[in-house]
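To be precise, the following lines are coords18.txt, and they hold compact mmCIF, C-alpha atoms.
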# COMPACT_ATOMS: atom_id res chain seq x y z
CA MET A 1 21.05 -9.35 20.86
CA LYS A 2 22.76 -5.97 20.58
CA PHE A 3 25.99 -4.91 18.89
CA GLN A 4 27.31 -1.35 19.02
CA VAL A 5 30.35 0.07 17.24
CA LEU A 6 29.46 3.79 17.18
CA GLY A 7 31.52 4.49 20.28
CA THR A 8 32.98 1.82 22.53
CA LEU A 9 32.54 -1.75 21.34
CA CYS A 10 29.48 -3.33 22.92
CA ALA A 11 28.09 -6.80 22.21
CA GLU A 12 25.38 -8.19 24.46
CA ILE A 13 23.05 -11.17 24.44
CA ASP A 14 20.26 -11.03 27.02
CA GLY A 15 22.26 -8.38 28.86
CA LYS A 16 25.42 -10.51 29.00
CA SER A 17 28.53 -9.03 27.38
CA ILE A 18 30.41 -11.22 24.91
CA VAL A 19 33.15 -8.68 24.19
CA PRO A 20 36.57 -10.33 24.63
CA THR A 21 39.33 -8.58 26.55
CA ALA A 22 42.17 -9.51 24.20
CA GLY A 23 42.92 -7.09 21.38
CA LYS A 24 42.80 -9.27 18.25
CA PRO A 25 39.56 -11.12 19.12
CA ARG A 26 38.01 -7.67 19.71
CA GLN A 27 39.13 -6.65 16.22
CA MET A 28 37.58 -9.79 14.73
CA LEU A 29 34.28 -9.30 16.53
CA SER A 30 34.18 -5.65 15.43
CA LEU A 31 34.77 -6.53 11.80
CA LEU A 32 32.19 -9.33 11.79
CA ALA A 33 29.63 -7.05 13.49
CA LEU A 34 30.05 -4.41 10.78
CA TYR A 35 28.91 -6.96 8.17
CA PRO A 36 26.04 -8.93 9.77
CA GLY A 37 24.76 -11.70 7.57
CA ARG A 38 27.70 -11.34 5.16
CA VAL A 39 30.67 -13.65 4.83
CA VAL A 40 33.93 -12.01 5.84
CA PRO A 41 36.72 -13.83 3.99
CA VAL A 42 39.56 -15.37 5.97
CA SER A 43 41.98 -13.25 3.94
CA THR A 44 40.20 -10.07 5.08
CA LEU A 45 40.30 -11.12 8.71
CA MET A 46 43.99 -11.96 8.43
CA GLU A 47 44.74 -8.62 6.79
CA GLU A 48 42.96 -6.81 9.62
CA LEU A 49 44.85 -8.72 12.31
CA TRP A 50 48.34 -8.87 10.80
CA GLY A 51 48.44 -6.55 7.80
CA SER A 52 50.38 -7.68 4.74
CA LYS A 53 52.75 -9.96 6.70
CA PRO A 54 50.79 -12.58 8.64
CA PRO A 55 52.84 -15.12 10.60
CA GLN A 56 52.98 -18.77 9.52
CA SER A 57 50.67 -19.64 12.38
CA ALA A 58 48.08 -17.02 11.35
CA LEU A 59 45.39 -19.45 10.16
CA ALA A 60 45.61 -21.63 13.25
CA THR A 61 45.59 -18.55 15.48
CA LEU A 62 42.56 -17.17 13.62
CA GLN A 63 40.68 -20.40 14.18
CA THR A 64 41.55 -20.23 17.88
CA TYR A 65 40.06 -16.73 18.07
CA ILE A 66 36.89 -17.99 16.37
CA LEU A 67 36.61 -20.77 18.96
CA GLN A 68 37.07 -18.23 21.76
CA LEU A 69 34.31 -16.02 20.34
CA ARG A 70 31.99 -19.00 19.95
CA ARG A 71 32.67 -19.99 23.54
CA ARG A 72 31.59 -16.54 24.71
CA LEU A 73 28.52 -16.67 22.47
CA GLY A 74 27.56 -20.11 23.75
CA SER A 75 27.95 -19.03 27.37
CA ALA A 76 25.61 -16.07 26.81
CA MET A 77 23.01 -17.87 24.67
CA GLY A 78 22.77 -21.13 26.57
CA PRO A 79 22.31 -24.61 25.08
CA ASP A 80 19.24 -23.92 22.93
CA THR A 81 21.10 -22.11 20.12
CA PRO A 82 24.46 -23.55 19.03
CA ALA A 83 27.12 -20.84 18.80
CA LYS A 84 28.19 -22.29 15.43
CA GLU A 85 24.86 -21.17 14.01
CA VAL A 86 25.44 -17.56 15.06
CA LEU A 87 29.14 -17.35 14.26
CA ALA A 88 29.03 -19.67 11.29
CA THR A 89 31.72 -21.08 9.05
CA ARG A 90 31.17 -20.52 5.36
CA HIS A 91 33.28 -21.36 2.33
CA GLY A 92 36.35 -19.17 2.59
CA GLY A 93 35.29 -17.23 5.66
CA TYR A 94 32.97 -16.62 8.60
CA VAL A 95 29.65 -14.87 9.06
CA LEU A 96 27.92 -13.35 12.07
CA ALA A 97 24.41 -14.63 11.31
CA ILE A 98 22.34 -11.91 12.99
CA PRO A 99 19.79 -9.40 11.64
CA SER A 100 21.35 -6.11 10.57
CA ASP A 101 18.99 -4.27 12.95
CA CYS A 102 20.96 -5.74 15.84
CA VAL A 103 23.92 -3.50 14.93
CA ASP A 104 23.74 0.22 15.65
CA VAL A 105 25.59 1.26 12.51
CA HIS A 106 22.87 -0.21 10.31
CA ALA A 107 20.11 1.48 12.31
CA TYR A 108 22.09 4.72 11.89
CA GLU A 109 22.40 4.31 8.12
CA ARG A 110 18.71 3.48 7.76
CA ARG A 111 17.69 6.68 9.53
CA VAL A 112 20.15 8.69 7.44
CA ALA A 113 18.59 7.28 4.26
CA GLU A 114 15.11 8.20 5.54
CA GLY A 115 16.36 11.71 6.29
CA ARG A 116 17.80 12.13 2.81
CA SER A 117 14.56 11.02 1.19
CA ALA A 118 12.55 13.45 3.30
CA PHE A 119 14.99 16.28 2.58
CA GLU A 120 14.81 15.69 -1.18
CA ALA A 121 11.00 15.66 -0.94
CA GLY A 122 11.06 19.02 0.86
CA ASP A 123 9.84 17.63 4.19
CA ASP A 124 12.44 19.44 6.26
CA ALA A 125 10.87 18.72 9.65
CA VAL A 126 10.95 14.95 9.07
CA ALA A 127 14.45 15.19 7.57
CA ALA A 128 15.82 17.06 10.58
CA ASP A 129 14.15 14.57 12.93
CA ARG A 130 15.54 11.50 11.14
CA PHE A 131 19.05 12.95 10.97
CA ARG A 132 18.86 13.83 14.65
CA GLN A 133 17.70 10.31 15.51
CA ALA A 134 20.60 8.87 13.52
CA LEU A 135 23.14 11.03 15.33
CA THR A 136 21.82 10.10 18.79
CA LEU A 137 23.01 6.54 18.13
CA TRP A 138 26.60 7.74 18.35
CA ARG A 139 28.20 7.35 21.77
CA GLY A 140 31.66 8.58 20.76
CA PRO A 141 34.25 7.94 18.03
CA VAL A 142 33.83 4.65 16.14
CA LEU A 143 35.36 1.68 18.01
CA VAL A 144 37.20 4.07 20.30
CA ASP A 145 38.37 1.23 22.57
CA VAL A 146 39.47 -1.17 19.80
CA ARG A 147 42.92 -1.28 18.25
CA VAL A 148 42.13 -1.17 14.53
CA GLY A 149 44.07 -2.62 11.63
CA PRO A 150 44.00 -1.64 7.94
CA VAL A 151 40.50 -2.96 7.20
CA LEU A 152 38.76 -1.50 10.23
CA ARG A 153 40.66 1.77 9.82
CA ILE A 154 38.97 2.33 6.45
CA GLU A 155 35.55 1.61 7.98
CA VAL A 156 36.23 3.97 10.87
CA MET A 157 37.19 6.77 8.46
CA ARG A 158 34.10 6.12 6.33
CA LEU A 159 31.75 6.24 9.28
CA GLU A 160 33.32 9.35 10.80
CA GLU A 161 32.96 11.11 7.43
CA SER A 162 29.35 9.94 7.28
CA ARG A 163 28.71 11.32 10.75
CA LEU A 164 30.02 14.76 9.82
CA GLY A 165 28.02 14.71 6.58
CA THR A 166 24.87 13.84 8.52
CA VAL A 167 25.50 16.74 10.88
CA GLU A 168 25.76 19.04 7.85
CA ARG A 169 22.54 17.71 6.32
CA ARG A 170 20.69 18.08 9.61
CA ILE A 171 21.87 21.68 9.89
CA ASP A 172 20.74 22.32 6.30
CA ALA A 173 17.27 21.04 7.22
CA ASP A 174 17.22 23.16 10.38
CA LEU A 175 18.25 26.24 8.39
CA ARG A 176 15.40 25.64 5.96
CA LEU A 177 13.09 25.49 8.97
CA GLY A 178 14.27 28.90 10.15
CA ARG A 179 16.19 27.66 13.20
CA HIS A 180 19.20 29.85 12.40
CA THR A 181 19.56 31.51 15.81
CA GLU A 182 19.48 28.22 17.69
CA LEU A 183 22.21 26.83 15.41
CA ILE A 184 24.80 29.53 16.09
CA PRO A 185 26.38 27.97 19.23
CA GLU A 186 26.69 24.57 17.57
CA LEU A 187 28.15 26.03 14.37
CA THR A 188 30.60 28.14 16.37
CA GLU A 189 31.91 24.95 17.97
CA LEU A 190 31.98 23.02 14.68
CA THR A 191 33.86 25.69 12.74
CA ALA A 192 36.46 25.82 15.53
CA ARG A 193 36.82 22.04 15.40
CA TYR A 194 37.01 21.96 11.58
CA PRO A 195 38.79 25.24 10.75
CA GLN A 196 39.04 24.61 6.99
CA HIS A 197 35.62 23.01 6.39
CA GLU A 198 33.85 25.20 3.86
CA GLY A 199 30.40 23.66 4.25
CA LEU A 200 30.21 24.29 7.99
CA HIS A 201 31.55 27.82 7.58
CA SER A 202 28.93 28.52 4.90
CA GLN A 203 26.21 27.32 7.24
CA ALA A 204 27.59 29.49 10.04
CA MET A 205 27.57 32.50 7.70
CA VAL A 206 23.93 31.92 6.78
CA ALA A 207 22.84 31.35 10.39
CA LEU A 208 24.55 34.56 11.53
CA TYR A 209 23.28 36.57 8.56
CA ARG A 210 19.69 35.49 9.11
CA SER A 211 20.03 36.35 12.78
CA GLY A 212 20.82 39.96 11.88
CA ARG A 213 24.57 39.58 12.41
CA GLN A 214 25.91 40.44 8.97
CA ALA A 215 29.29 41.65 10.29
CA SER A 216 29.83 38.39 12.16
CA ALA A 217 28.89 36.40 9.06
CA LEU A 218 31.43 38.29 6.98
CA GLU A 219 34.06 37.77 9.69
CA VAL A 220 33.51 34.00 9.45
CA TYR A 221 34.29 34.23 5.73
CA ARG A 222 37.39 36.36 6.36
CA THR A 223 38.70 33.89 8.95
CA LEU A 224 38.05 30.91 6.66
CA ARG A 225 39.82 32.62 3.77
CA ILE A 226 42.92 33.32 5.87
CA ARG A 227 43.03 29.72 7.09
CA LEU A 228 42.71 28.32 3.58
CA ILE A 229 45.35 30.62 2.11
CA GLU A 230 47.83 30.13 4.94
CA GLY A 231 47.19 26.41 5.39
CA LEU A 232 46.56 25.17 1.86
CA GLY A 233 47.51 28.05 -0.41
CA VAL A 234 44.02 28.22 -1.96
CA GLU A 235 41.10 30.66 -2.00
CA PRO A 236 37.62 29.63 -0.83
CA SER A 237 35.62 27.76 -3.45
CA PRO A 238 33.56 29.72 -5.99
CA ARG A 239 30.38 28.65 -4.17
CA VAL A 240 31.53 30.15 -0.88
CA GLN A 241 32.75 33.27 -2.64
CA ARG A 242 29.33 33.71 -4.25
CA LEU A 243 27.67 33.33 -0.85
CA HIS A 244 30.01 35.99 0.53
CA GLN A 245 29.23 38.33 -2.36
CA ALA A 246 25.49 37.81 -1.86
CA MET A 247 25.86 38.93 1.74
CA LEU A 248 27.81 42.00 0.72
CA VAL A 249 25.01 43.11 -1.62
CA VAL A 250 22.25 41.98 0.81
CA ASP A 251 20.72 39.54 -1.65
CA PRO A 252 17.06 38.99 -0.60
CA GLN A 253 17.27 35.31 -1.54
CA LEU A 254 19.45 34.75 1.51
CA ASP A 255 16.45 35.41 3.72
CA VAL A 256 14.31 32.75 2.04
CA VAL A 257 13.68 29.67 4.11
CA ALA A 258 13.25 26.90 1.55
CA GLY A 259 9.96 25.03 1.49
CA PRO A 260 8.89 21.84 -0.25
CA ARG A 261 10.94 21.02 -3.32
CA ARG A 262 12.90 24.26 -3.21
CA SER A 263 16.67 24.31 -3.45
CA SER A 264 18.75 24.85 -0.33
CA THR A 265 20.33 28.20 0.39
CA PHE A 266 23.69 27.04 -0.92
CA ASP A 267 22.26 25.74 -4.21
CA LEU A 268 21.35 29.33 -5.10
CA TYR A 269 25.05 30.06 -5.57
CA THR A 270 26.33 26.92 -7.29
CA ALA A 271 25.18 27.65 -10.80
Before we go any further, please render this structure as structure tokens.
Amino acid sequence: MKFQVLGTLCAEIDGKSIVPTAGKPRQMLSLLALYPGRVVPVSTLMEELWGSKPPQSALATLQTYILQLRRRLGSAMGPDTPAKEVLATRHGGYVLAIPSDCVDVHAYERRVAEGRSAFEAGDDAVAADRFRQALTLWRGPVLVDVRVGPVLRIEVMRLEESRLGTVERRIDADLRLGRHTELIPELTELTARYPQHEGLHSQAMVALYRSGRQASALEVYRTLRIRLIEGLGVEPSPRVQRLHQAMLVVDPQLDVVAGPRRSSTFDLYTA
């Protein structure tokens, strides 16, 4: 049994897809898959499907969608496992009674947690590997082919923020491993995609600086500063300004690749 939400919606049992074609049943399946083994209240499902103004027939329609999903489950599983045991009714709601490992988002979050632990312990090689494994589970934007309502929209935003944060942490680990030159193309693309993101610009500055391209690193700061002033009316944060100043004075600490239990490059300028 496999459920994937990190990209297009995919739900398969023994290679047979159970993804419905209609929009609202797809929303329901997506929401239930995000919380395997947990009861999703009827009120939450109704909010996702109809917002704050459900029709009078909402409950009956919801139950019809549940029957449709169970029919697809039963067709894929065969007679040995009743669909009601997999998509089960509980007091006040419904639960997709499957192990969390069947859903890609939970495998992603487990690898991210392993990467964080390794990073905090100073094992940068393992951290970079775990973060990279987590990111390979993404096949595109979250639920890119599902029309999302207010509940799923929050989950989509949370996961997309998590993805970007994981990219940053993986780059931090790679920088501590001395992979600065290899990171430049990726960081060039990321800073173009996120033109006001200070963390990515800081990483690009460090990668360029350590690659012997001090002028290019300083140009990244200048471009970021212009974008922030013109777009938001603010200066770069004190941390980024300190990083910029360290480059101007050729601070030797910028050349240090952190080892076990050392602070990251950026922590040197947060005090």
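With distances restricted to all atoms listed in the file, A:Leu6 is the closest residue to Thr136 (chain A) from A:Ala121, A:Ala88, A:Val40, A:Leu6.
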For the contact check between region 117-208 of chain A and region 232-254 of chain A, emit one row per residue of region 117-208 of chain A within 12 Å, containing the shortest atom pair and the distance in Å rounded to one decimal, counting only C-alpha atoms, chain then rising number order, as a tab-separated table.
residue	atom	partner	partner_atom	distance
A:Leu175	CA	A:Leu254	CA	11.0
A:Arg176	CA	A:Leu254	CA	10.9
A:Gly178	CA	A:Leu254	CA	11.6
A:His180	CA	A:Leu254	CA	11.9
A:Pro195	CA	A:Leu232	CA	11.8
A:Gln196	CA	A:Leu232	CA	9.1
A:His197	CA	A:Pro236	CA	10.0
A:Glu198	CA	A:Val240	CA	7.2
A:Gly199	CA	A:Val240	CA	8.3
A:Leu200	CA	A:Val240	CA	10.7
A:His201	CA	A:Val240	CA	8.8
A:Ser202	CA	A:Val240	CA	6.5
A:Gln203	CA	A:Val240	CA	10.1
A:Ala204	CA	A:Leu243	CA	11.5
A:Met205	CA	A:His244	CA	8.3
A:Val206	CA	A:Leu254	CA	7.5
A:Ala207	CA	A:Leu254	CA	10.1
A:Leu208	CA	A:Met247	CA	10.8
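Here the selection is built from all atoms listed in the file, and the residues within 7 Å of (16.7, 10.8, 9.0) turn out to be Arg111, Val112, Ala113, Glu114, Gly115, Arg116, Ala127, Ala128, Asp129, Arg130, Phe131, Arg132, Gln133 and Ala134 of chain A.
For the choices A:Ala58, A:Ala192, A:Ser211, A:Cys102, the atom-to-atom distance to Leu224 (chain A) is smallest for A:Ala192 when using all atoms listed in the file.
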Each side padded by 8 Å, which centre and which edge lengths in Å (one decimal) define the axis-aligned box around the listed atoms of region 157-174 of chain A? Give them as JSON.
{"center_x": 27.2, "center_y": 14.6, "center_z": 8.6, "size_x": 36.0, "size_y": 33.0, "size_z": 20.6}
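Reported to one decimal place, the separation of CA of Leu45 (chain A) from CA of Val19 (chain A) is 17.2 Å.
Using all atoms listed in the file, the smallest distance between any of A:Leu190, A:Arg213, A:Ala173, A:Leu137 and Thr8 (chain A) comes from A:Leu137.
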Let me make sure I understand: among A:Arg179, A:Lys16, A:Lys24, A:His106, which one has the smallest atom-to-atom distance to Leu152 (chain A) if we use all atoms listed in the file? A:Lys24
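Of the residues listed (A:Asp123, A:Asp145, A:Val5, A:Leu67), A:Val5 shows the shortest atom-to-atom separation from Leu31 (chain A); distances use all atoms listed in the file.
Excluding Gly92 (chain A) and any residue on its chain fewer than 6 positions from it, the residues at most 10 Å away by only C-alpha atoms are Val39, Val40, Pro41, Val42 and Ser43 of chain A.
Nearest to Arg163 (chain A) of all the residues A:Gly122, A:Ala215, A:Arg72, A:Val142 is A:Val142, based on only C-alpha atoms.
In this model, the gap between CA of Gly212 (chain A) and CA of Leu183 (chain A) comes to 13.7 Å.
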What's around Val146 (chain A) at 9 Å? Count all atoms listed in the file, leave out sequence neighbours fewer than 6 positions away in its own chain, and write the answer as a PyMOL selection string. chain A and resi 8-9+23-24+26-27+30
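Coordinates place CA of Gly74 (chain A) at a distance of 18.7 Å from CA of Arg90 (chain A).
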